[in-house]
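Presented below is the structure to which this report refers.
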Amino acid sequence: MRKLLLASLLAGAAWHVHAEPTTWDFTYTGFYWTFESQSTFEGEHTAEGWQPGMQVTGRFSGEDGNGDGVIALEELSEFTVHGRDYFPCMAEPSPYGRCSIRRFSYTLGGELDFSAGWYGYDEYYSGWGGSVSTGVSANDYSYGYHYESETFLYWTGQTRFDIVQLPVPEPASGAMALAGLALVAGLRRRLVR
């Protein structure tokens, strides 16, 4: 009976183990920056220049389900970039915020390529939005009755890409440990008799 119980515990723990999506954090550093604003009250302002410390950061999770070495758009389970969490925004769009991921691919250990955008507006003729396309630009804009502004971060040959894979938790490791302890306790008890 004990052998059957121990075998059941081990089999149950092994069955419960399943692959969790892998998560990566990424950073692009160094952009050519431009800013333009126009206001009825303050006039027009522009600024531009190379910003070596300026960053676009993000995180994504996914699973290479077809084993081709690429995380594709349909294999994503989480995507955040430039402060915007896209999956909740896409799941519950509203006039105040809509998001879309137009393309996404990450070659494992290699290049990340995506294009994503968002926008929103309210009933007072105010609006806002932005987009990020790797290798091209990241921008944010806003407008209202008396103002409008837009910021662009342009990729250059000096823009640096860093990506880090986060550790994957093993959800069934606790169950496996308990099963192992039960096995050791059962063997000990048997040897003592």
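Here's how to read the names in the structure tokens: chain A, B, ... by the order shown, residue numbers from 1 in each chain, ligand numbers from 1 in the order shown.
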
Give me the residues within 12 Å of Tyr32 of chain A as a ChimeraX atom specification, counting only C-alpha atoms and dropping any in the same chain fewer than 2 places off. /A:29-30,34-35,47-55,136-139,151-159

Pick out the residues sitting within 6 Å of Glu36 of chain A, and hand them over as a short mmCIF file (atom, residue, chain, number, x, y, z; two decimals) with N, CA and C atoms, in the first residue's frame; count only C-alpha atoms, and ignore anything fewer than 6 positions along from it in its own chain.
```
data_model
loop_
_atom_site.label_atom_id
_atom_site.label_comp_id
_atom_site.auth_asym_id
_atom_site.auth_seq_id
_atom_site.Cartn_x
_atom_site.Cartn_y
_atom_site.Cartn_z
N HIS A 45 7.75 75.53 -28.90
CA HIS A 45 9.05 75.13 -28.34
C HIS A 45 9.54 73.90 -29.08
N THR A 46 10.82 73.88 -29.38
CA THR A 46 11.45 72.71 -29.99
C THR A 46 12.79 72.47 -29.34
N SER A 149 1.75 68.44 -28.29
CA SER A 149 3.18 68.18 -28.12
C SER A 149 3.49 66.78 -28.62
N GLU A 150 4.74 66.60 -29.03
CA GLU A 150 5.18 65.30 -29.53
C GLU A 150 6.66 65.13 -29.24
#
```

When you count only C-alpha atoms, which of these residues is closest to Asp162 of chain A: A:Tyr141, A:Phe114, A:Tyr121, A:Phe26?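 Going through A:Tyr141, A:Phe114, A:Tyr121, A:Phe26 one by one, the smallest distance to Asp162 of chain A is for A:Phe26.
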
Residues of segment 18-149 of chain A in strand (DSSP E) according to DSSP, as a PyMOL selection string? chain A and resi 22-39+43-62+70-72+76-81+84-85+98-107+112-121+127-133+137-143+147-149

Compile the contact shell of Leu166 of chain A as a PyMOL selection string: residues with an atom at most 8 Å away, counting only C-alpha atoms, same-chain residues fewer than 4 positions apart removed. chain A and resi 22-25

Write out as number ranges by chain the residues lying within 8 Å of Gly127 of chain A, counting only C-alpha atoms and excluding same-chain residues fewer than 5 positions away. A: 119-122, 142-144

Select from segment 39-182 of chain A everything DSSP, run on the backbone, classes as alpha helix (DSSP H), then give the selection as a PyMOL selection string. chain A and resi 86-91+173-182

Write a file of the selected residues as a PDB file, in the first residue's frame, keeping N, CA and C atoms.
```pdb
ATOM      1  N   TYR A  86       0.548  46.041 -22.523  1.00  0.00           N
ATOM      2  CA  TYR A  86      -0.319  45.902 -23.688  1.00  0.00           C
ATOM      3  C   TYR A  86      -1.437  44.864 -23.544  1.00  0.00           C
ATOM      4  N   PHE A  87      -1.202  43.750 -22.873  1.00  0.00           N
ATOM      5  CA  PHE A  87      -2.225  42.707 -22.847  1.00  0.00           C
ATOM      6  C   PHE A  87      -3.502  43.145 -22.125  1.00  0.00           C
ATOM      7  N   PRO A  88      -3.428  43.758 -20.926  1.00  0.00           N
ATOM      8  CA  PRO A  88      -4.675  44.245 -20.306  1.00  0.00           C
ATOM      9  C   PRO A  88      -5.355  45.324 -21.150  1.00  0.00           C
ATOM     10  N   CYS A  89      -4.558  46.192 -21.767  1.00  0.00           N
ATOM     11  CA  CYS A  89      -5.104  47.265 -22.592  1.00  0.00           C
ATOM     12  C   CYS A  89      -5.830  46.694 -23.816  1.00  0.00           C
ATOM     13  N   MET A  90      -5.270  45.641 -24.435  1.00  0.00           N
ATOM     14  CA  MET A  90      -5.913  45.025 -25.602  1.00  0.00           C
ATOM     15  C   MET A  90      -7.155  44.245 -25.191  1.00  0.00           C
ATOM     16  N   ALA A  91      -7.130  43.665 -23.966  1.00  0.00           N
ATOM     17  CA  ALA A  91      -8.265  42.857 -23.511  1.00  0.00           C
ATOM     18  C   ALA A  91      -9.482  43.716 -23.165  1.00  0.00           C
ATOM     19  N   SER A 173       8.088  22.084  -7.603  1.00  0.00           N
ATOM     20  CA  SER A 173       9.255  21.651  -6.830  1.00  0.00           C
ATOM     21  C   SER A 173       8.880  21.340  -5.384  1.00  0.00           C
ATOM     22  N   GLY A 174       7.911  22.058  -4.824  1.00  0.00           N
ATOM     23  CA  GLY A 174       7.446  21.764  -3.459  1.00  0.00           C
ATOM     24  C   GLY A 174       6.807  20.395  -3.371  1.00  0.00           C
ATOM     25  N   ALA A 175       5.981  20.054  -4.333  1.00  0.00           N
ATOM     26  CA  ALA A 175       5.335  18.745  -4.348  1.00  0.00           C
ATOM     27  C   ALA A 175       6.370  17.642  -4.519  1.00  0.00           C
ATOM     28  N   MET A 176       7.366  17.868  -5.368  1.00  0.00           N
ATOM     29  CA  MET A 176       8.418  16.871  -5.563  1.00  0.00           C
ATOM     30  C   MET A 176       9.219  16.671  -4.272  1.00  0.00           C
ATOM     31  N   ALA A 177       9.504  17.759  -3.560  1.00  0.00           N
ATOM     32  CA  ALA A 177      10.240  17.651  -2.299  1.00  0.00           C
ATOM     33  C   ALA A 177       9.446  16.856  -1.271  1.00  0.00           C
ATOM     34  N   LEU A 178       8.143  17.138  -1.178  1.00  0.00           N
ATOM     35  CA  LEU A 178       7.300  16.379  -0.239  1.00  0.00           C
ATOM     36  C   LEU A 178       7.267  14.904  -0.602  1.00  0.00           C
ATOM     37  N   ALA A 179       7.161  14.594  -1.861  1.00  0.00           N
ATOM     38  CA  ALA A 179       7.155  13.198  -2.295  1.00  0.00           C
ATOM     39  C   ALA A 179       8.480  12.530  -1.950  1.00  0.00           C
ATOM     40  N   GLY A 180       9.589  13.243  -2.147  1.00  0.00           N
ATOM     41  CA  GLY A 180      10.895  12.696  -1.795  1.00  0.00           C
ATOM     42  C   GLY A 180      11.026  12.439  -0.302  1.00  0.00           C
ATOM     43  N   LEU A 181      10.550  13.384   0.514  1.00  0.00           N
ATOM     44  CA  LEU A 181      10.584  13.195   1.967  1.00  0.00           C
ATOM     45  C   LEU A 181       9.730  12.007   2.387  1.00  0.00           C
ATOM     46  N   ALA A 182       8.575  11.866   1.759  1.00  0.00           N
ATOM     47  CA  ALA A 182       7.703  10.727   2.075  1.00  0.00           C
ATOM     48  C   ALA A 182       8.392   9.414   1.718  1.00  0.00           C
TER      49      ALA A 182
END
```

Closest to Tyr145 of chain A among A:Phe41, A:Glu20, A:Asp85, A:Ser133, using only C-alpha atoms? A:Phe41

Point out the residue among A:Gly135, A:Gly69, A:Gly58, A:Pro93 with the least atom-to-atom distance to Trp118 of chain A, counting only C-alpha atoms.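 Residue with the minimum atom-to-atom distance to Trp118 of chain A: A:Pro93.
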
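In this model, the gap between atom CA of Ser115 of chain A and atom CA of Thr27 of chain A comes to 15.1 Å.
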